[in-house]
Amino acid sequence: MSKTLGELERKLQELERTLTSIDRGSQDGGDAPPSAPPRAPLSTGHDPLGATVIEPSSGSRLVDEAIDRPQLVSPDVAGGVGETSWGRSTTAEQPRQPSQVAQPQQRPRAQQPLETRSPNAEELLRFRDRLELTARELTQEYDELLGRISYAAVPSPHVGPTISFARGAPSLDIVDVVGLRDAAIRAFESDPAGTTAYGTSVGYPRLRAWISDRHGVEPERVLVTNGSMQADAFLFEHLVRPGDEVIVERPTYDRTLLSLRERGARLHAVELEPDGIDTNALAGLLRGAPAVRPKLAHIIPNFQNPAGYTLSPAKRRALLALAAEHDFRVFEDDPYIDLRFSGETLPTMLSMDPEHVVYASSFSKTVCPGIRVGYLVGPPELIAAVARLATNTYISPSMVAQSIVYEFCASGAIDSSIETVRTALAKRALTLDVALRRELPEAELVPPEGGYFMWVTLPAGTDVHALHKAAAERGVSFVKGTDFMLEGGENTLRLAYSGVTPEQIDEGVARLAAAYRSL
């Protein structure tokens with residue numbers, strides 16, 4: 001497909017050059033250049049669509065019958081001094097006038113040979129229009145086909161498209177595309193100036209106010225960014241210096257590990273339990289000899305990525321007490337909070353201790369990933385410092401994206417969108433749980449109460465790298481547990497169920513089990 005679209009683009013460029021040449025010749029005087037160089041002999045070939053084409057043997061292709069050859073006009077209109085057709089030239093010393101050109105003998109259409117006369121500008125313009133229309137139609141059809149397959153679906157020579165448990169993203173069928181389209185229309189109609197402006201680094205004012213109301217804080221405590229990873233990056237840039245100590249969960253989000261490592265932080269990974277980070281082990285680090293004195297503790301409290309675990313109320317209180325005692329900030333990274341489909345809704349740590357907590361979340365999981373809108377909530381002085389950093393980085397985030405998100409939220413569309421996503425995730429998580437217990441009974445897992453992910457621990461001695469390769473050969477993908485740890489995790493893996501249907505889950509787990517048995 002990409003080759004076909006590239007060929008169409010090349011043809012359009014060739015036509016533009018030809019039209020420019022004709023136009024330049026007209027400006028110099030007459031309908032054709034006074035002495036056009038002879039063209040190379042014609043040859044035939046096939047384009048990527050399989051159609052026969054006519055082309056000079058030493059030049060680029062111009063006519064493609066798959067697109068529809070333009071209507072022909074008489075040679076006395078198209079021809080000119082020095083040339084009467086592609087590949088046929090008159091003698092320059094004895095020029096012929098257009099009126100002297102012999103009319104071709106008419107034949108029935110079925111017996112007509114392919115026309116080899118040079119087209120005029122009007123014909124080329126009509127032909128270009130057909131090419132552009134075809135390119136648009138092919139591109140639209142290609143995009144629609146992509147939207148109907150699972151994310152990262154890579155063909156496998158044995159089993160067809162890959163079933164991907166690798167990427168934490170919703171499938172298209174649970175994204176409110178119509179609601180987003182309507183929100184975009186309202187954004188440009190209700191606030192065209194604000195939507196199209198640069199704005200400021202703190203974000204779109206209406207969305208900022210909506211977020212502050214949702215969390216019960218002043219707008220000065222909110223900064224809206226291009227996705228929550230941008231919020232993470234700004235916070236780390238402001239707070240973390242080379243050599244600073246930072247607490248992370250084990251396992252934790254791989255890109256958080258990468259970002260902190262790149263800033264030279266000294267990372268201390270504390271074991272993650274089914275009810276959240278081991279606060280007793282953390283207390284031991286903080287009170288040990290030598291004592292760890294962290295600048296920051298990065299915590300994903302709800303449906304943690306990659307494990308799917310949730311921090312219990314008791315551990316939330318214990319963590320905040322340690323933060324107050326040892327004077328460090330808790331970075332509450334919470335993009336999955338609204339995706340609970342079972343269990344009890346828990347208060348944020350931000351609401352429990354707004355002075356020791358910096359909170360981040362995202363609309364990628366509740367609206368759509370492509371919208372790229374996230375935010376930070378924290379003490380006003382910290383938000384002001386991060387806003388200055390943001391100003392120096394990009395002046396402002398995308399006002400277009402943020403105004404669309406505001407309209408989506410303010411209209412209530414976000415509530416129905418969340419309900420749709422929750423319902424789909426609940427069914428997919430249950431299907432994955434049942435399939436794993438049926439196909440891989442030796443695997444250890446904890447069913448999540450929300451979010452996108454399930455953590456799987458296989459028997460000791462399992463080589464997850466070998467399993468990853470064997471699974472790929474059978475058309476199923478996942479993320480190795482080692483990617484989420486500083487060390488260890490050779491018998492663990494993360495399965496994302498957000499982007500696969502229940503039918504794909506059953507088939508994917510069967511393939512995964514077959515790969516495991518093959519080791």
# chains A, B, ... in the order shown; residues from 1 in each chain; ligands from 1
>>> residues_around(residues="Ala314 of chain A", least_positions_apart="4", cutoff="10 Å", atoms="only C-alpha atoms", output="PDB file with N, CA, C and O atoms, in the first residue's frame")
ATOM      1  N   ASP A 275      -1.177  -5.633  47.613  1.00  0.00           N
ATOM      2  CA  ASP A 275      -1.854  -4.450  48.143  1.00  0.00           C
ATOM      3  C   ASP A 275      -0.961  -3.213  48.101  1.00  0.00           C
ATOM      4  O   ASP A 275      -1.182  -2.247  48.822  1.00  0.00           O
ATOM      5  N   GLY A 276       0.047  -3.222  47.227  1.00  0.00           N
ATOM      6  CA  GLY A 276       0.869  -2.039  47.035  1.00  0.00           C
ATOM      7  C   GLY A 276       2.277  -2.182  47.565  1.00  0.00           C
ATOM      8  O   GLY A 276       2.681  -3.253  48.044  1.00  0.00           O
ATOM      9  N   THR A 279       5.507  -1.106  52.576  1.00  0.00           N
ATOM     10  CA  THR A 279       5.855   0.068  53.396  1.00  0.00           C
ATOM     11  C   THR A 279       6.766  -0.300  54.561  1.00  0.00           C
ATOM     12  O   THR A 279       7.532   0.552  55.028  1.00  0.00           O
ATOM     13  N   ALA A 318       0.288   4.836  55.703  1.00  0.00           N
ATOM     14  CA  ALA A 318       1.658   4.571  56.157  1.00  0.00           C
ATOM     15  C   ALA A 318       2.685   5.296  55.284  1.00  0.00           C
ATOM     16  O   ALA A 318       3.673   5.855  55.788  1.00  0.00           O
ATOM     17  N   LEU A 319       2.465   5.306  53.992  1.00  0.00           N
ATOM     18  CA  LEU A 319       3.389   5.972  53.068  1.00  0.00           C
ATOM     19  C   LEU A 319       3.421   7.474  53.330  1.00  0.00           C
ATOM     20  O   LEU A 319       4.507   8.094  53.351  1.00  0.00           O
TER      21      LEU A 319
END
>>> select_by_dssp(residues="segment 309-454 of chain A", states="strand (DSSP E or B)", output="list in words")
Arg329, Val330, Phe331, Glu332, Asp333, Arg340, Val357, Val358, Tyr359, Ala360, Ser361, Ser362, Gly374, Tyr375, Leu376, Val377, Glu444, Leu445, Gly450, Phe453 and Met454 of chain A
>>> write_last_selection(atoms="C-alpha atoms", output="JSON list (two decimals), in the first residue's frame")
[["chain", "number", "residue", "atom", "x", "y", "z"],
["A", 329, "ARG", "CA", 7.50, 14.05, 48.26],
["A", 330, "VAL", "CA", 5.18, 11.32, 47.09],
["A", 331, "PHE", "CA", 4.65, 11.46, 43.35],
["A", 332, "GLU", "CA", 1.17, 9.94, 42.91],
["A", 333, "ASP", "CA", 1.14, 8.86, 39.25],
["A", 340, "ARG", "CA", -12.16, 0.76, 38.33],
["A", 357, "VAL", "CA", 1.94, 14.87, 47.36],
["A", 358, "VAL", "CA", 2.33, 15.84, 43.72],
["A", 359, "TYR", "CA", -0.39, 14.23, 41.63],
["A", 360, "ALA", "CA", -0.42, 13.39, 37.92],
["A", 361, "SER", "CA", -3.12, 11.93, 35.70],
["A", 362, "SER", "CA", -4.09, 11.70, 32.06],
["A", 374, "GLY", "CA", -2.29, 15.10, 31.02],
["A", 375, "TYR", "CA", -1.84, 17.26, 34.10],
["A", 376, "LEU", "CA", -0.04, 17.90, 37.40],
["A", 377, "VAL", "CA", -1.57, 18.98, 40.71],
["A", 444, "GLU", "CA", 0.49, -17.12, 39.54],
["A", 445, "LEU", "CA", -1.66, -14.01, 39.08],
["A", 450, "GLY", "CA", -9.43, -2.04, 37.13],
["A", 453, "PHE", "CA", -2.79, -4.90, 32.97],
["A", 454, "MET", "CA", -2.29, -8.32, 34.56]]
>>> closest_atom_pairs(of="segment 390-460 of chain A", to="segment 472-485 of chain A", cutoff="9 Å", atoms="only C-alpha atoms", output="tab-separated table")
residue	atom	partner	partner_atom	distance
A:Trp455	CA	A:Gly481	CA	8.4
A:Val456	CA	A:Gly481	CA	8.6
A:Thr457	CA	A:Gly481	CA	8.8
>>> residues_around(residues="Leu519 of chain A", least_positions_apart="3", cutoff="8 Å", atoms="only C-alpha atoms", output="MDAnalysis selection string")
chainID A and resid 466:467 470 515:516
>>> write_last_selection(atoms="N, CA, C and O atoms", output="PDB file, in the first residue's frame")
ATOM      1  N   ALA A 466      13.334 -16.537  26.289  1.00  0.00           N
ATOM      2  CA  ALA A 466      13.041 -17.644  25.372  1.00  0.00           C
ATOM      3  C   ALA A 466      11.544 -17.753  25.110  1.00  0.00           C
ATOM      4  O   ALA A 466      11.114 -18.025  23.980  1.00  0.00           O
ATOM      5  N   LEU A 467      10.745 -17.514  26.152  1.00  0.00           N
ATOM      6  CA  LEU A 467       9.287 -17.557  25.982  1.00  0.00           C
ATOM      7  C   LEU A 467       8.817 -16.451  25.042  1.00  0.00           C
ATOM      8  O   LEU A 467       7.927 -16.675  24.205  1.00  0.00           O
ATOM      9  N   ALA A 470       9.551 -17.639  21.530  1.00  0.00           N
ATOM     10  CA  ALA A 470       8.664 -18.737  21.134  1.00  0.00           C
ATOM     11  C   ALA A 470       7.237 -18.245  20.912  1.00  0.00           C
ATOM     12  O   ALA A 470       6.538 -18.718  20.005  1.00  0.00           O
ATOM     13  N   ALA A 515       3.499 -21.947  23.472  1.00  0.00           N
ATOM     14  CA  ALA A 515       4.891 -21.481  23.483  1.00  0.00           C
ATOM     15  C   ALA A 515       5.596 -21.911  24.762  1.00  0.00           C
ATOM     16  O   ALA A 515       6.753 -22.362  24.736  1.00  0.00           O
ATOM     17  N   TYR A 516       4.910 -21.800  25.897  1.00  0.00           N
ATOM     18  CA  TYR A 516       5.492 -22.190  27.185  1.00  0.00           C
ATOM     19  C   TYR A 516       5.791 -23.690  27.206  1.00  0.00           C
ATOM     20  O   TYR A 516       6.855 -24.126  27.670  1.00  0.00           O
TER      21      TYR A 516
END
>>> residues_around(residues="Ala387 of chain A", least_positions_apart="6", cutoff="9 Å", atoms="only C-alpha atoms", output="list in words")
Thr200, Ser201, Val202, Leu223 and Phe234 of chain A
>>> write_last_selection(atoms="N, CA and C atoms", output="JSON list (two decimals), in the first residue's frame")
[["chain", "number", "residue", "atom", "x", "y", "z"],
["A", 200, "THR", "N", -0.85, 29.69, 27.29],
["A", 200, "THR", "CA", 0.25, 29.79, 28.24],
["A", 200, "THR", "C", 0.63, 28.39, 28.71],
["A", 201, "SER", "N", 1.76, 28.29, 29.39],
["A", 201, "SER", "CA", 2.29, 26.98, 29.76],
["A", 201, "SER", "C", 1.44, 26.26, 30.79],
["A", 202, "VAL", "N", 0.54, 26.96, 31.50],
["A", 202, "VAL", "CA", -0.28, 26.28, 32.51],
["A", 202, "VAL", "C", -1.45, 25.54, 31.88],
["A", 223, "LEU", "N", -1.45, 22.30, 36.48],
["A", 223, "LEU", "CA", -0.77, 22.59, 35.23],
["A", 223, "LEU", "C", -1.13, 21.49, 34.24],
["A", 234, "PHE", "N", 8.68, 17.03, 33.35],
["A", 234, "PHE", "CA", 8.86, 18.36, 33.94],
["A", 234, "PHE", "C", 9.13, 18.25, 35.45]]
>>> atom_distance(atom1="atom CA of Gly243 of chain A", atom2="atom CA of Ala265 of chain A")
5.1 Å
>>> atom_distance(atom1="atom CA of Leu339 of chain A", atom2="atom CA of Ile418 of chain A")
7.0 Å
>>> residues_around(residues="Arg241 of chain A", least_positions_apart="4", cutoff="8 Å", atoms="only C-alpha atoms", output="list of chain:residue names")
A:Glu237, A:Arg263, A:Gly264, A:Ala265
>>> write_last_selection(atoms="C-alpha atoms", output="PDB file, in the first residue's frame")
ATOM      1  CA  GLU A 237      13.585  17.909  35.654  1.00  0.00           C
ATOM      2  CA  ARG A 263      18.848  12.217  35.098  1.00  0.00           C
ATOM      3  CA  GLY A 264      21.440  10.401  37.181  1.00  0.00           C
ATOM      4  CA  ALA A 265      19.125   9.462  40.069  1.00  0.00           C
TER       5      ALA A 265
END
>>> closest_residue(among="A:Leu267, A:Ala401, A:Ala460, A:Ile277", to="Ser312 of chain A", atoms="only C-alpha atoms")
A:Ile277
>>> closest_residue(among="A:Leu282, A:Leu180, A:Val373, A:Leu272", to="Ala307 of chain A", atoms="only C-alpha atoms")
A:Leu272
>>> residues_around(residues="Ala384 of chain A", least_positions_apart="5", cutoff="10 Å", atoms="only C-alpha atoms", output="PDB file with all heavy atoms, in the first residue's frame")
ATOM      1  N   SER A 201       1.755  28.290  29.388  1.00  0.00           N
ATOM      2  CA  SER A 201       2.288  26.983  29.756  1.00  0.00           C
ATOM      3  C   SER A 201       1.438  26.256  30.787  1.00  0.00           C
ATOM      4  O   SER A 201       1.585  25.037  30.958  1.00  0.00           O
ATOM      5  CB  SER A 201       3.711  27.134  30.288  1.00  0.00           C
ATOM      6  OG  SER A 201       3.717  27.899  31.476  1.00  0.00           O
ATOM      7  N   VAL A 202       0.544  26.957  31.504  1.00  0.00           N
ATOM      8  CA  VAL A 202      -0.283  26.276  32.511  1.00  0.00           C
ATOM      9  C   VAL A 202      -1.453  25.543  31.881  1.00  0.00           C
ATOM     10  O   VAL A 202      -2.122  24.758  32.553  1.00  0.00           O
ATOM     11  CB  VAL A 202      -0.803  27.271  33.582  1.00  0.00           C
ATOM     12  CG1 VAL A 202       0.348  27.842  34.369  1.00  0.00           C
ATOM     13  CG2 VAL A 202      -1.650  28.355  32.955  1.00  0.00           C
ATOM     14  N   GLU A 220      -4.422  27.487  40.707  1.00  0.00           N
ATOM     15  CA  GLU A 220      -2.984  27.723  40.811  1.00  0.00           C
ATOM     16  C   GLU A 220      -2.211  26.451  41.130  1.00  0.00           C
ATOM     17  O   GLU A 220      -0.980  26.408  40.996  1.00  0.00           O
ATOM     18  CB  GLU A 220      -2.694  28.777  41.878  1.00  0.00           C
ATOM     19  CG  GLU A 220      -3.167  30.177  41.530  1.00  0.00           C
ATOM     20  CD  GLU A 220      -4.678  30.332  41.626  1.00  0.00           C
ATOM     21  OE1 GLU A 220      -5.323  29.521  42.351  1.00  0.00           O
ATOM     22  OE2 GLU A 220      -5.224  31.255  40.976  1.00  0.00           O
ATOM     23  N   ARG A 221      -2.919  25.404  41.535  1.00  0.00           N
ATOM     24  CA  ARG A 221      -2.267  24.134  41.852  1.00  0.00           C
ATOM     25  C   ARG A 221      -2.280  23.161  40.667  1.00  0.00           C
ATOM     26  O   ARG A 221      -1.852  22.016  40.802  1.00  0.00           O
ATOM     27  CB  ARG A 221      -2.961  23.468  43.051  1.00  0.00           C
ATOM     28  CG  ARG A 221      -2.718  24.173  44.374  1.00  0.00           C
ATOM     29  CD  ARG A 221      -3.501  23.507  45.511  1.00  0.00           C
ATOM     30  NE  ARG A 221      -3.152  24.089  46.807  1.00  0.00           N
ATOM     31  CZ  ARG A 221      -2.255  23.593  47.640  1.00  0.00           C
ATOM     32  NH1 ARG A 221      -1.607  22.483  47.321  1.00  0.00           N
ATOM     33  NH2 ARG A 221      -1.985  24.173  48.788  1.00  0.00           N
ATOM     34  N   VAL A 222      -2.772  23.610  39.512  1.00  0.00           N
ATOM     35  CA  VAL A 222      -2.937  22.718  38.350  1.00  0.00           C
ATOM     36  C   VAL A 222      -2.122  23.218  37.168  1.00  0.00           C
ATOM     37  O   VAL A 222      -2.111  24.421  36.864  1.00  0.00           O
ATOM     38  CB  VAL A 222      -4.428  22.623  37.944  1.00  0.00           C
ATOM     39  CG1 VAL A 222      -4.585  21.771  36.695  1.00  0.00           C
ATOM     40  CG2 VAL A 222      -5.251  22.064  39.095  1.00  0.00           C
ATOM     41  N   LEU A 223      -1.452  22.303  36.482  1.00  0.00           N
ATOM     42  CA  LEU A 223      -0.768  22.593  35.225  1.00  0.00           C
ATOM     43  C   LEU A 223      -1.125  21.486  34.240  1.00  0.00           C
ATOM     44  O   LEU A 223      -0.981  20.299  34.557  1.00  0.00           O
ATOM     45  CB  LEU A 223       0.743  22.668  35.439  1.00  0.00           C
ATOM     46  CG  LEU A 223       1.596  22.964  34.195  1.00  0.00           C
ATOM     47  CD1 LEU A 223       2.708  23.963  34.536  1.00  0.00           C
ATOM     48  CD2 LEU A 223       2.218  21.682  33.647  1.00  0.00           C
ATOM     49  N   GLY A 378      -0.274  20.131  42.405  1.00  0.00           N
ATOM     50  CA  GLY A 378       0.684  20.190  43.500  1.00  0.00           C
ATOM     51  C   GLY A 378       0.674  21.532  44.183  1.00  0.00           C
ATOM     52  O   GLY A 378      -0.142  22.414  43.873  1.00  0.00           O
ATOM     53  N   PRO A 379       1.592  21.750  45.138  1.00  0.00           N
ATOM     54  CA  PRO A 379       1.693  23.044  45.819  1.00  0.00           C
ATOM     55  C   PRO A 379       1.904  24.168  44.812  1.00  0.00           C
ATOM     56  O   PRO A 379       2.603  23.985  43.803  1.00  0.00           O
ATOM     57  CB  PRO A 379       2.906  22.853  46.730  1.00  0.00           C
ATOM     58  CG  PRO A 379       3.004  21.376  46.937  1.00  0.00           C
ATOM     59  CD  PRO A 379       2.547  20.766  45.654  1.00  0.00           C
ATOM     60  N   LEU A 389       9.518  26.212  33.638  1.00  0.00           N
ATOM     61  CA  LEU A 389      10.246  25.227  32.843  1.00  0.00           C
ATOM     62  C   LEU A 389       9.491  24.894  31.567  1.00  0.00           C
ATOM     63  O   LEU A 389      10.077  24.783  30.477  1.00  0.00           O
ATOM     64  CB  LEU A 389      10.465  23.970  33.685  1.00  0.00           C
ATOM     65  CG  LEU A 389      11.212  22.806  33.048  1.00  0.00           C
ATOM     66  CD1 LEU A 389      12.624  23.223  32.656  1.00  0.00           C
ATOM     67  CD2 LEU A 389      11.258  21.616  34.002  1.00  0.00           C
ATOM     68  N   ALA A 390       8.170  24.745  31.677  1.00  0.00           N
ATOM     69  CA  ALA A 390       7.348  24.441  30.500  1.00  0.00           C
ATOM     70  C   ALA A 390       7.392  25.579  29.485  1.00  0.00           C
ATOM     71  O   ALA A 390       7.469  25.353  28.271  1.00  0.00           O
ATOM     72  CB  ALA A 390       5.913  24.160  30.924  1.00  0.00           C
TER      73      ALA A 390
END
>>> residues_around(residues="Ala435 of chain A", least_positions_apart="2", cutoff="8 Å", atoms="only C-alpha atoms", output="PDB file with N, CA, C and O atoms, in the first residue's frame")
ATOM      1  N   THR A 431     -12.069 -12.584  31.134  1.00  0.00           N
ATOM      2  CA  THR A 431     -11.738 -13.573  30.100  1.00  0.00           C
ATOM      3  C   THR A 431     -10.280 -13.994  30.203  1.00  0.00           C
ATOM      4  O   THR A 431      -9.947 -15.182  30.081  1.00  0.00           O
ATOM      5  N   LEU A 432      -9.387 -13.006  30.425  1.00  0.00           N
ATOM      6  CA  LEU A 432      -7.963 -13.310  30.549  1.00  0.00           C
ATOM      7  C   LEU A 432      -7.694 -14.170  31.779  1.00  0.00           C
ATOM      8  O   LEU A 432      -6.922 -15.138  31.727  1.00  0.00           O
ATOM      9  N   ASP A 433      -8.329 -13.851  32.901  1.00  0.00           N
ATOM     10  CA  ASP A 433      -8.167 -14.613  34.135  1.00  0.00           C
ATOM     11  C   ASP A 433      -8.577 -16.070  33.917  1.00  0.00           C
ATOM     12  O   ASP A 433      -7.842 -17.018  34.257  1.00  0.00           O
ATOM     13  N   ARG A 437      -6.008 -19.452  33.820  1.00  0.00           N
ATOM     14  CA  ARG A 437      -6.176 -20.546  34.784  1.00  0.00           C
ATOM     15  C   ARG A 437      -6.456 -21.870  34.058  1.00  0.00           C
ATOM     16  O   ARG A 437      -6.091 -22.949  34.552  1.00  0.00           O
ATOM     17  N   ARG A 438      -7.078 -21.794  32.902  1.00  0.00           N
ATOM     18  CA  ARG A 438      -7.367 -23.001  32.122  1.00  0.00           C
ATOM     19  C   ARG A 438      -6.123 -23.490  31.372  1.00  0.00           C
ATOM     20  O   ARG A 438      -5.804 -24.687  31.391  1.00  0.00           O
ATOM     21  N   GLU A 439      -5.431 -22.583  30.694  1.00  0.00           N
ATOM     22  CA  GLU A 439      -4.331 -22.961  29.811  1.00  0.00           C
ATOM     23  C   GLU A 439      -2.979 -23.027  30.520  1.00  0.00           C
ATOM     24  O   GLU A 439      -2.099 -23.802  30.115  1.00  0.00           O
ATOM     25  N   LEU A 440      -2.788 -22.196  31.557  1.00  0.00           N
ATOM     26  CA  LEU A 440      -1.509 -22.156  32.279  1.00  0.00           C
ATOM     27  C   LEU A 440      -1.772 -22.226  33.787  1.00  0.00           C
ATOM     28  O   LEU A 440      -1.560 -21.249  34.513  1.00  0.00           O
ATOM     29  N   ILE A 505      -8.336 -12.821  23.173  1.00  0.00           N
ATOM     30  CA  ILE A 505      -7.700 -13.221  24.433  1.00  0.00           C
ATOM     31  C   ILE A 505      -7.640 -14.735  24.541  1.00  0.00           C
ATOM     32  O   ILE A 505      -6.586 -15.314  24.868  1.00  0.00           O
ATOM     33  N   ASP A 506      -8.745 -15.418  24.276  1.00  0.00           N
ATOM     34  CA  ASP A 506      -8.764 -16.878  24.354  1.00  0.00           C
ATOM     35  C   ASP A 506      -7.737 -17.494  23.409  1.00  0.00           C
ATOM     36  O   ASP A 506      -6.973 -18.394  23.787  1.00  0.00           O
ATOM     37  N   VAL A 509      -4.015 -16.585  24.585  1.00  0.00           N
ATOM     38  CA  VAL A 509      -3.535 -17.353  25.737  1.00  0.00           C
ATOM     39  C   VAL A 509      -3.238 -18.801  25.324  1.00  0.00           C
ATOM     40  O   VAL A 509      -2.268 -19.410  25.800  1.00  0.00           O
ATOM     41  N   ALA A 510      -4.038 -19.372  24.436  1.00  0.00           N
ATOM     42  CA  ALA A 510      -3.764 -20.723  23.942  1.00  0.00           C
ATOM     43  C   ALA A 510      -2.410 -20.764  23.232  1.00  0.00           C
ATOM     44  O   ALA A 510      -1.618 -21.710  23.419  1.00  0.00           O
TER      45      ALA A 510
END
>>> select_by_dssp(residues="segment 172-320 of chain A", states="helix (DSSP H, G or I)", output="NGL selection string")
:A and (172-174 or 177-190 or 192-196 or 205-215 or 219-221 or 228-239 or 254-262 or 279-287 or 313-320)
>>> atom_distance(atom1="atom CA of Leu350 of chain A", atom2="atom CA of Ile300 of chain A")
12.6 Å
>>> closest_residue(among="A:Ala321, A:Pro290, A:Thr423, A:Arg17", to="Leu125 of chain A", atoms="only C-alpha atoms")
A:Arg17
